[in-house]
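Undergrad: My structure is in work_11.pdb, and what it holds is PDB, C-alpha atoms, pLDDT in the B column:
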```pdb
ATOM      1  CA  MET A   1      73.202 -51.715 -59.464  1.00 50.00           C
ATOM      2  CA  ILE A   2      70.458 -49.463 -58.137  1.00 52.00           C
ATOM      3  CA  VAL A   3      67.272 -51.411 -57.498  1.00 46.00           C
ATOM      4  CA  ALA A   4      64.843 -48.524 -57.121  1.00 50.00           C
ATOM      5  CA  VAL A   5      65.222 -45.818 -59.743  1.00 54.00           C
ATOM      6  CA  LYS A   6      63.091 -43.290 -57.956  1.00 54.00           C
ATOM      7  CA  PRO A   7      63.442 -40.540 -55.353  1.00 53.00           C
ATOM      8  CA  GLN A   8      64.085 -41.916 -51.871  1.00 54.00           C
ATOM      9  CA  GLN A   9      64.628 -40.395 -48.460  1.00 61.00           C
ATOM     10  CA  GLN A  10      67.885 -42.254 -47.940  1.00 78.00           C
ATOM     11  CA  TRP A  11      71.264 -42.694 -49.591  1.00 92.00           C
ATOM     12  CA  GLN A  12      71.542 -45.730 -51.850  1.00 93.00           C
ATOM     13  CA  GLN A  13      74.763 -47.631 -52.432  1.00 95.00           C
ATOM     14  CA  ALA A  14      75.768 -47.094 -56.064  1.00 96.00           C
ATOM     15  CA  THR A  15      78.680 -46.914 -58.468  1.00 96.00           C
ATOM     16  CA  TRP A  16      79.631 -43.966 -60.629  1.00 96.00           C
ATOM     17  CA  ALA A  17      78.300 -45.928 -63.602  1.00 96.00           C
ATOM     18  CA  ASP A  18      74.905 -46.168 -61.852  1.00 95.00           C
ATOM     19  CA  TYR A  19      74.924 -42.412 -61.390  1.00 94.00           C
ATOM     20  CA  VAL A  20      75.843 -41.749 -65.034  1.00 94.00           C
ATOM     21  CA  ALA A  21      73.064 -44.055 -66.239  1.00 93.00           C
ATOM     22  CA  LEU A  22      70.471 -42.058 -64.277  1.00 91.00           C
ATOM     23  CA  ARG A  23      72.005 -38.730 -65.213  1.00 91.00           C
ATOM     24  CA  ASP A  24      71.741 -39.549 -68.898  1.00 90.00           C
ATOM     25  CA  ASP A  25      68.270 -41.124 -68.699  1.00 85.00           C
ATOM     26  CA  ASP A  26      66.061 -38.978 -70.921  1.00 73.00           C
ATOM     27  CA  SER A  27      62.822 -40.644 -69.809  1.00 63.00           C
ATOM     28  CA  ASP A  28      62.818 -39.023 -66.360  1.00 67.00           C
ATOM     29  CA  ARG A  29      64.438 -36.000 -64.782  1.00 73.00           C
ATOM     30  CA  TYR A  30      66.157 -36.411 -61.444  1.00 80.00           C
ATOM     31  CA  LYS A  31      68.202 -34.232 -59.152  1.00 88.00           C
ATOM     32  CA  LEU A  32      71.239 -36.353 -58.306  1.00 93.00           C
ATOM     33  CA  PHE A  33      73.934 -36.293 -55.641  1.00 95.00           C
ATOM     34  CA  PHE A  34      76.793 -38.809 -55.617  1.00 97.00           C
ATOM     35  CA  ASP A  35      79.360 -39.148 -52.843  1.00 96.00           C
ATOM     36  CA  ASN A  36      81.537 -41.956 -51.525  1.00 90.00           C
ATOM     37  CA  GLN A  37      79.832 -44.671 -53.606  1.00 94.00           C
ATOM     38  CA  HIS A  38      76.373 -43.547 -52.506  1.00 95.00           C
ATOM     39  CA  LEU A  39      73.600 -41.836 -54.450  1.00 95.00           C
ATOM     40  CA  TRP A  40      70.802 -39.498 -53.375  1.00 93.00           C
ATOM     41  CA  ILE A  41      67.900 -39.075 -55.817  1.00 92.00           C
ATOM     42  CA  GLU A  42      65.415 -36.183 -55.664  1.00 86.00           C
ATOM     43  CA  MET A  43      62.415 -35.333 -57.797  1.00 71.00           C
ATOM     44  CA  GLY A  44      63.248 -33.169 -60.770  1.00 65.00           C
ATOM     45  CA  ALA A  45      59.764 -31.628 -61.014  1.00 67.00           C
ATOM     46  CA  GLU A  46      59.344 -28.725 -58.585  1.00 76.00           C
ATOM     47  CA  GLY A  47      56.397 -28.128 -56.276  1.00 85.00           C
ATOM     48  CA  ILE A  48      54.691 -24.753 -55.897  1.00 91.00           C
ATOM     49  CA  ASN A  49      56.693 -23.590 -52.873  1.00 91.00           C
ATOM     50  CA  HIS A  50      60.031 -24.723 -54.245  1.00 91.00           C
ATOM     51  CA  ALA A  51      59.411 -22.970 -57.561  1.00 93.00           C
ATOM     52  CA  LYS A  52      58.110 -19.776 -55.915  1.00 96.00           C
ATOM     53  CA  PHE A  53      61.082 -19.422 -53.564  1.00 96.00           C
ATOM     54  CA  GLY A  54      63.574 -20.484 -56.226  1.00 95.00           C
ATOM     55  CA  ASP A  55      62.325 -17.852 -58.658  1.00 96.00           C
ATOM     56  CA  LEU A  56      62.524 -15.203 -55.921  1.00 97.00           C
ATOM     57  CA  PHE A  57      66.227 -15.906 -55.444  1.00 96.00           C
ATOM     58  CA  ALA A  58      66.804 -15.822 -59.186  1.00 96.00           C
ATOM     59  CA  MET A  59      65.277 -12.326 -59.155  1.00 97.00           C
ATOM     60  CA  ILE A  60      67.378 -11.343 -56.131  1.00 97.00           C
ATOM     61  CA  LEU A  61      70.557 -12.330 -57.970  1.00 97.00           C
ATOM     62  CA  LEU A  62      69.423 -10.347 -61.016  1.00 96.00           C
ATOM     63  CA  ILE A  63      68.886  -7.290 -58.805  1.00 97.00           C
ATOM     64  CA  CYS A  64      72.358  -7.755 -57.290  1.00 96.00           C
ATOM     65  CA  ALA A  65      73.845  -8.062 -60.790  1.00 95.00           C
ATOM     66  CA  THR A  66      72.183  -4.770 -61.732  1.00 95.00           C
ATOM     67  CA  LYS A  67      73.488  -3.011 -58.601  1.00 93.00           C
ATOM     68  CA  PHE A  68      76.996  -4.458 -58.818  1.00 92.00           C
ATOM     69  CA  PRO A  69      77.687  -4.868 -62.575  1.00 92.00           C
ATOM     70  CA  ASP A  70      81.451  -5.046 -62.037  1.00 94.00           C
ATOM     71  CA  LEU A  71      81.005  -8.365 -60.233  1.00 93.00           C
ATOM     72  CA  LYS A  72      80.068 -10.113 -63.506  1.00 95.00           C
ATOM     73  CA  LEU A  73      77.643 -12.598 -61.978  1.00 96.00           C
ATOM     74  CA  ASN A  74      76.918 -15.868 -63.771  1.00 96.00           C
ATOM     75  CA  THR A  75      74.134 -18.168 -62.555  1.00 96.00           C
ATOM     76  CA  PHE A  76      73.688 -21.872 -63.349  1.00 96.00           C
ATOM     77  CA  GLY A  77      70.846 -22.919 -61.058  1.00 91.00           C
ATOM     78  CA  GLY A  78      70.185 -26.666 -61.025  1.00 89.00           C
ATOM     79  CA  CYS A  79      73.128 -27.549 -63.257  1.00 93.00           C
ATOM     80  CA  GLN A  80      74.866 -30.828 -62.432  1.00 95.00           C
ATOM     81  CA  MET A  81      78.444 -30.330 -61.199  1.00 97.00           C
ATOM     82  CA  GLU A  82      80.859 -33.249 -61.192  1.00 97.00           C
ATOM     83  CA  LYS A  83      84.259 -34.470 -60.115  1.00 95.00           C
ATOM     84  CA  LYS A  84      84.373 -37.537 -62.315  1.00 94.00           C
ATOM     85  CA  GLY A  85      84.170 -40.804 -60.419  1.00 94.00           C
ATOM     86  CA  LYS A  86      84.094 -39.076 -57.048  1.00 95.00           C
ATOM     87  CA  ARG A  87      81.322 -36.615 -56.405  1.00 96.00           C
ATOM     88  CA  SER A  88      78.354 -34.970 -58.100  1.00 97.00           C
ATOM     89  CA  VAL A  89      75.974 -32.268 -56.867  1.00 97.00           C
ATOM     90  CA  ALA A  90      73.059 -30.281 -58.313  1.00 95.00           C
ATOM     91  CA  PRO A  91      72.374 -27.151 -56.242  1.00 96.00           C
ATOM     92  CA  ASP A  92      69.248 -25.081 -56.853  1.00 95.00           C
ATOM     93  CA  ILE A  93      71.384 -21.923 -56.855  1.00 96.00           C
ATOM     94  CA  VAL A  94      74.827 -21.773 -58.483  1.00 97.00           C
ATOM     95  CA  LEU A  95      76.666 -18.461 -58.663  1.00 97.00           C
ATOM     96  CA  TYR A  96      80.026 -17.631 -60.189  1.00 97.00           C
ATOM     97  CA  VAL A  97      81.489 -14.186 -59.537  1.00 97.00           C
ATOM     98  CA  GLY A  98      84.003 -12.696 -61.937  1.00 94.00           C
ATOM     99  CA  GLU A  99      85.994 -14.395 -64.645  1.00 87.00           C
ATOM    100  CA  GLU A 100      86.475 -18.070 -65.474  1.00 89.00           C
ATOM    101  CA  ALA A 101      82.850 -19.104 -65.277  1.00 94.00           C
ATOM    102  CA  PRO A 102      81.973 -22.342 -67.105  1.00 94.00           C
ATOM    103  CA  THR A 103      81.152 -22.211 -70.792  1.00 93.00           C
ATOM    104  CA  TRP A 104      80.037 -25.011 -73.086  1.00 90.00           C
ATOM    105  CA  GLN A 105      81.565 -26.004 -76.398  1.00 86.00           C
ATOM    106  CA  ALA A 106      80.475 -28.668 -78.841  1.00 86.00           C
ATOM    107  CA  GLY A 107      81.794 -32.078 -77.910  1.00 82.00           C
ATOM    108  CA  GLN A 108      82.132 -31.276 -74.222  1.00 84.00           C
ATOM    109  CA  SER A 109      79.993 -32.480 -71.328  1.00 86.00           C
ATOM    110  CA  ARG A 110      76.725 -30.613 -70.797  1.00 90.00           C
ATOM    111  CA  PHE A 111      77.547 -30.464 -67.092  1.00 94.00           C
ATOM    112  CA  ILE A 112      80.049 -28.447 -65.051  1.00 96.00           C
ATOM    113  CA  ASP A 113      83.281 -30.434 -64.834  1.00 96.00           C
ATOM    114  CA  LEU A 114      84.942 -29.373 -61.589  1.00 96.00           C
ATOM    115  CA  GLU A 115      88.218 -30.849 -62.775  1.00 94.00           C
ATOM    116  CA  GLN A 116      88.133 -28.337 -65.645  1.00 94.00           C
ATOM    117  CA  TRP A 117      86.398 -25.362 -64.007  1.00 95.00           C
ATOM    118  CA  ARG A 118      86.864 -23.765 -60.616  1.00 96.00           C
ATOM    119  CA  ALA A 119      84.210 -24.249 -57.960  1.00 97.00           C
ATOM    120  CA  PRO A 120      81.392 -21.661 -57.869  1.00 98.00           C
ATOM    121  CA  ASP A 121      81.545 -18.888 -55.303  1.00 98.00           C
ATOM    122  CA  LEU A 122      78.096 -19.593 -53.881  1.00 98.00           C
ATOM    123  CA  VAL A 123      75.545 -22.393 -54.011  1.00 98.00           C
ATOM    124  CA  GLY A 124      72.139 -22.700 -52.393  1.00 98.00           C
ATOM    125  CA  GLU A 125      69.356 -25.168 -51.780  1.00 97.00           C
ATOM    126  CA  VAL A 126      65.634 -24.385 -51.678  1.00 96.00           C
ATOM    127  CA  SER A 127      64.442 -26.731 -48.930  1.00 93.00           C
ATOM    128  CA  ASP A 128      60.835 -27.822 -48.918  1.00 89.00           C
ATOM    129  CA  THR A 129      61.129 -31.525 -48.043  1.00 85.00           C
ATOM    130  CA  THR A 130      64.939 -31.878 -47.854  1.00 89.00           C
ATOM    131  CA  LEU A 131      65.986 -29.559 -45.006  1.00 94.00           C
ATOM    132  CA  ALA A 132      67.719 -32.255 -42.926  1.00 93.00           C
ATOM    133  CA  ILE A 133      70.023 -33.428 -45.718  1.00 94.00           C
ATOM    134  CA  ASP A 134      70.599 -29.867 -46.966  1.00 96.00           C
ATOM    135  CA  LEU A 135      71.934 -28.891 -43.532  1.00 97.00           C
ATOM    136  CA  ASP A 136      73.960 -32.071 -43.117  1.00 95.00           C
ATOM    137  CA  GLU A 137      75.307 -34.226 -45.958  1.00 95.00           C
ATOM    138  CA  LYS A 138      74.977 -31.626 -48.711  1.00 96.00           C
ATOM    139  CA  LYS A 139      76.616 -28.984 -46.551  1.00 97.00           C
ATOM    140  CA  ARG A 140      79.582 -31.311 -46.003  1.00 96.00           C
ATOM    141  CA  MET A 141      79.812 -32.085 -49.742  1.00 97.00           C
ATOM    142  CA  TYR A 142      79.796 -28.402 -50.724  1.00 98.00           C
ATOM    143  CA  ALA A 143      82.472 -27.659 -48.117  1.00 97.00           C
ATOM    144  CA  GLU A 144      84.655 -30.474 -49.496  1.00 96.00           C
ATOM    145  CA  LEU A 145      84.261 -28.963 -52.974  1.00 97.00           C
ATOM    146  CA  GLY A 146      85.662 -25.687 -51.625  1.00 96.00           C
ATOM    147  CA  ILE A 147      82.581 -23.539 -52.295  1.00 98.00           C
ATOM    148  CA  ALA A 148      83.012 -20.285 -50.403  1.00 97.00           C
ATOM    149  CA  GLU A 149      79.386 -19.697 -49.406  1.00 98.00           C
ATOM    150  CA  TYR A 150      76.315 -21.888 -48.979  1.00 98.00           C
ATOM    151  CA  TRP A 151      72.695 -20.852 -48.461  1.00 98.00           C
ATOM    152  CA  VAL A 152      69.785 -23.021 -47.365  1.00 98.00           C
ATOM    153  CA  ILE A 153      66.303 -21.533 -47.807  1.00 97.00           C
ATOM    154  CA  ASP A 154      63.759 -23.135 -45.462  1.00 96.00           C
ATOM    155  CA  VAL A 155      60.489 -22.480 -47.285  1.00 95.00           C
ATOM    156  CA  ARG A 156      58.279 -23.827 -44.502  1.00 94.00           C
ATOM    157  CA  ALA A 157      59.678 -21.553 -41.796  1.00 96.00           C
ATOM    158  CA  TYR A 158      60.594 -18.581 -44.053  1.00 96.00           C
ATOM    159  CA  ARG A 159      64.221 -18.780 -42.897  1.00 96.00           C
ATOM    160  CA  LEU A 160      67.625 -18.558 -44.534  1.00 97.00           C
ATOM    161  CA  PHE A 161      70.717 -20.300 -43.215  1.00 97.00           C
ATOM    162  CA  ALA A 162      73.918 -18.804 -44.643  1.00 98.00           C
ATOM    163  CA  PHE A 163      77.340 -20.397 -44.186  1.00 98.00           C
ATOM    164  CA  ARG A 164      80.837 -19.150 -45.002  1.00 97.00           C
ATOM    165  CA  LEU A 165      83.720 -21.555 -45.581  1.00 97.00           C
ATOM    166  CA  GLU A 166      86.488 -21.127 -43.011  1.00 96.00           C
ATOM    167  CA  GLU A 167      90.183 -21.888 -43.476  1.00 92.00           C
ATOM    168  CA  SER A 168      89.555 -25.168 -41.661  1.00 92.00           C
ATOM    169  CA  ASN A 169      87.349 -26.146 -44.650  1.00 92.00           C
ATOM    170  CA  VAL A 170      84.270 -26.179 -42.402  1.00 95.00           C
ATOM    171  CA  TYR A 171      81.204 -23.970 -42.841  1.00 97.00           C
ATOM    172  CA  GLN A 172      80.327 -21.469 -40.123  1.00 97.00           C
ATOM    173  CA  GLN A 173      77.043 -19.589 -40.063  1.00 97.00           C
ATOM    174  CA  CYS A 174      77.383 -15.955 -41.117  1.00 97.00           C
ATOM    175  CA  GLU A 175      75.241 -12.822 -40.922  1.00 97.00           C
ATOM    176  CA  VAL A 176      76.676 -10.983 -43.936  1.00 97.00           C
ATOM    177  CA  SER A 177      77.468 -12.412 -47.364  1.00 97.00           C
ATOM    178  CA  GLN A 178      81.116 -12.273 -48.381  1.00 93.00           C
ATOM    179  CA  VAL A 179      80.326 -13.126 -52.015  1.00 96.00           C
ATOM    180  CA  LEU A 180      77.714 -10.397 -52.565  1.00 95.00           C
ATOM    181  CA  PRO A 181      79.199  -7.223 -51.044  1.00 91.00           C
ATOM    182  CA  ASN A 182      77.864  -6.486 -47.558  1.00 89.00           C
ATOM    183  CA  LEU A 183      74.520  -8.143 -48.265  1.00 96.00           C
ATOM    184  CA  ALA A 184      72.887  -8.765 -44.887  1.00 97.00           C
ATOM    185  CA  ILE A 185      71.353 -12.189 -44.442  1.00 97.00           C
ATOM    186  CA  ALA A 186      68.679 -10.552 -42.266  1.00 98.00           C
ATOM    187  CA  LEU A 187      67.551  -8.534 -45.307  1.00 98.00           C
ATOM    188  CA  LEU A 188      67.196 -11.742 -47.323  1.00 98.00           C
ATOM    189  CA  GLU A 189      65.135 -13.272 -44.523  1.00 97.00           C
ATOM    190  CA  GLN A 190      62.873 -10.221 -44.422  1.00 98.00           C
ATOM    191  CA  THR A 191      62.368 -10.611 -48.163  1.00 98.00           C
ATOM    192  CA  ILE A 192      61.504 -14.286 -47.706  1.00 98.00           C
ATOM    193  CA  GLU A 193      58.979 -13.459 -44.991  1.00 97.00           C
ATOM    194  CA  LEU A 194      57.068 -11.267 -47.447  1.00 98.00           C
ATOM    195  CA  LEU A 195      56.102 -14.414 -49.348  1.00 97.00           C
ATOM    196  CA  ALA A 196      53.598 -15.185 -46.584  1.00 95.00           C
ATOM    197  CA  THR A 197      51.388 -12.366 -47.902  1.00 97.00           C
ATOM    198  CA  LYS A 198      52.874 -11.143 -51.205  1.00 97.00           C
ATOM    199  CA  THR A 199      53.904 -12.502 -54.584  1.00 98.00           C
ATOM    200  CA  ASN A 200      57.536 -13.281 -55.231  1.00 98.00           C
ATOM    201  CA  THR A 201      57.751 -10.403 -57.705  1.00 98.00           C
ATOM    202  CA  GLU A 202      56.424  -7.999 -55.053  1.00 98.00           C
ATOM    203  CA  ALA A 203      58.987  -9.341 -52.612  1.00 98.00           C
ATOM    204  CA  ALA A 204      61.758  -8.866 -55.179  1.00 98.00           C
ATOM    205  CA  ILE A 205      60.671  -5.273 -55.846  1.00 98.00           C
ATOM    206  CA  TRP A 206      60.759  -4.589 -52.094  1.00 98.00           C
ATOM    207  CA  PHE A 207      64.250  -6.072 -51.894  1.00 98.00           C
ATOM    208  CA  SER A 208      65.432  -3.866 -54.765  1.00 97.00           C
ATOM    209  CA  GLN A 209      64.223  -0.799 -52.879  1.00 97.00           C
ATOM    210  CA  GLN A 210      66.320  -1.706 -49.829  1.00 96.00           C
ATOM    211  CA  ILE A 211      69.748  -2.022 -51.459  1.00 91.00           C
TER     212      ILE A 211
END
```
Let me see whether you can do it: turn the structure in this file into structure tokens.

TA:
Amino acid sequence: MIVAVKPQQQWQQATWADYVALRDDDSDRYKLFFDNQHLWIEMGAEGINHAKFGDLFAMILLICATKFPDLKLNTFGGCQMEKKGKRSVAPDIVLYVGEEAPTWQAGQSRFIDLEQWRAPDLVGEVSDTTLAIDLDEKKRMYAELGIAEYWVIDVRAYRLFAFRLEESNVYQQCEVSQVLPNLAIALLEQTIELLATKTNTEAAIWFSQQI
């Protein structure tokens, strides 16, 4: 069993039952990652930077949905995604493009069952204090889940790392999004850089004027 039920900067050995107990604990909110009998626990409450950058990317996806309505974008930011007994992740950004996006019905799990639903087309992490794991273990987990594109937003350095899944099932850094048509990663980074002097809504308006 898990001894310390609190966020830690290391993986803890755990069973799937340990993970489920924390996932369903209504007294506290955690962001949970489970892989290979190990558990990573993050704070559920967001800090100022994390929330500011996360909301900016929610607005960016809304702008993209407005520009490309035929894509039928569905977002599920922060939703737990599971392969029962094997792996669980909770990305800050979750994007499905097109049909067959998850829906909930009474009696079903509140979370995205990746045995029932296909993997999302894009996930992302807003990295304030978790950059090392976001670029290492989480990147490997998302690749193993077959997620086509992965973004890591470094809020401290105003950077965006974007990765595309290759046929070898390994992520390679990319300069143009394949999920959102011809969206240049450099444009996203320029939008991020505006947060040094502007509000996130001002940055989003600027982004909308560029595409």

Undergrad: Given the choices A:Ala204, A:Phe53, A:Gly124, A:Ser109, which gets closest to Thr75 in chain A if the distance is worked out from only C-alpha atoms?

TA: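 Of A:Ala204, A:Phe53, A:Gly124, A:Ser109, the one nearest Thr75 in chain A is A:Gly124, counting only C-alpha atoms.
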
Undergrad: Assuming the chain letters and numbering stay as they are in my file, what does the PyMOL selection byres ((chain A and resi 160) around 8) actually select? List them as a list in words.

TA: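 For this structure, the PyMOL selection byres ((chain A and resi 160) around 8) captures Trp151, Val152, Ile153, Asp154, Tyr158, Arg159, Phe161, Ala162, Ile185, Leu188 and Glu189 of chain A.
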
Undergrad: What lies within 7 Å of Gly98 in chain A using only C-alpha atoms, ignoring chain neighbours under 2 positions off, as a list in words?

TA: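 Selected residues are Leu71, Lys72, Leu73, Tyr96 and Glu100 of chain A.
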
Undergrad: I'd like the interatomic distance between CA of Gly146 in chain A and CA of Ile93 in chain A, to a tenth of an Å.

TA: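 We find that CA of Gly146 in chain A and CA of Ile93 in chain A lie 15.7 Å from each other.
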
Undergrad: How many Å lie between CA of Ser88 in chain A and CA of Phe34 in chain A, rounded to one decimal?

TA: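 Straight-line distance from CA of Ser88 in chain A to CA of Phe34 in chain A works out to 4.8 Å.
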
Undergrad: Skipping near chain neighbours, those fewer than 4 positions away, what residues fall within 9 Å of Val179 in chain A using only C-alpha atoms, listed as a list in words?

TA: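 Close residues of Val179 in chain A: Val97, Asp121, Leu122, Ala148, Glu149 and Leu183 of chain A.
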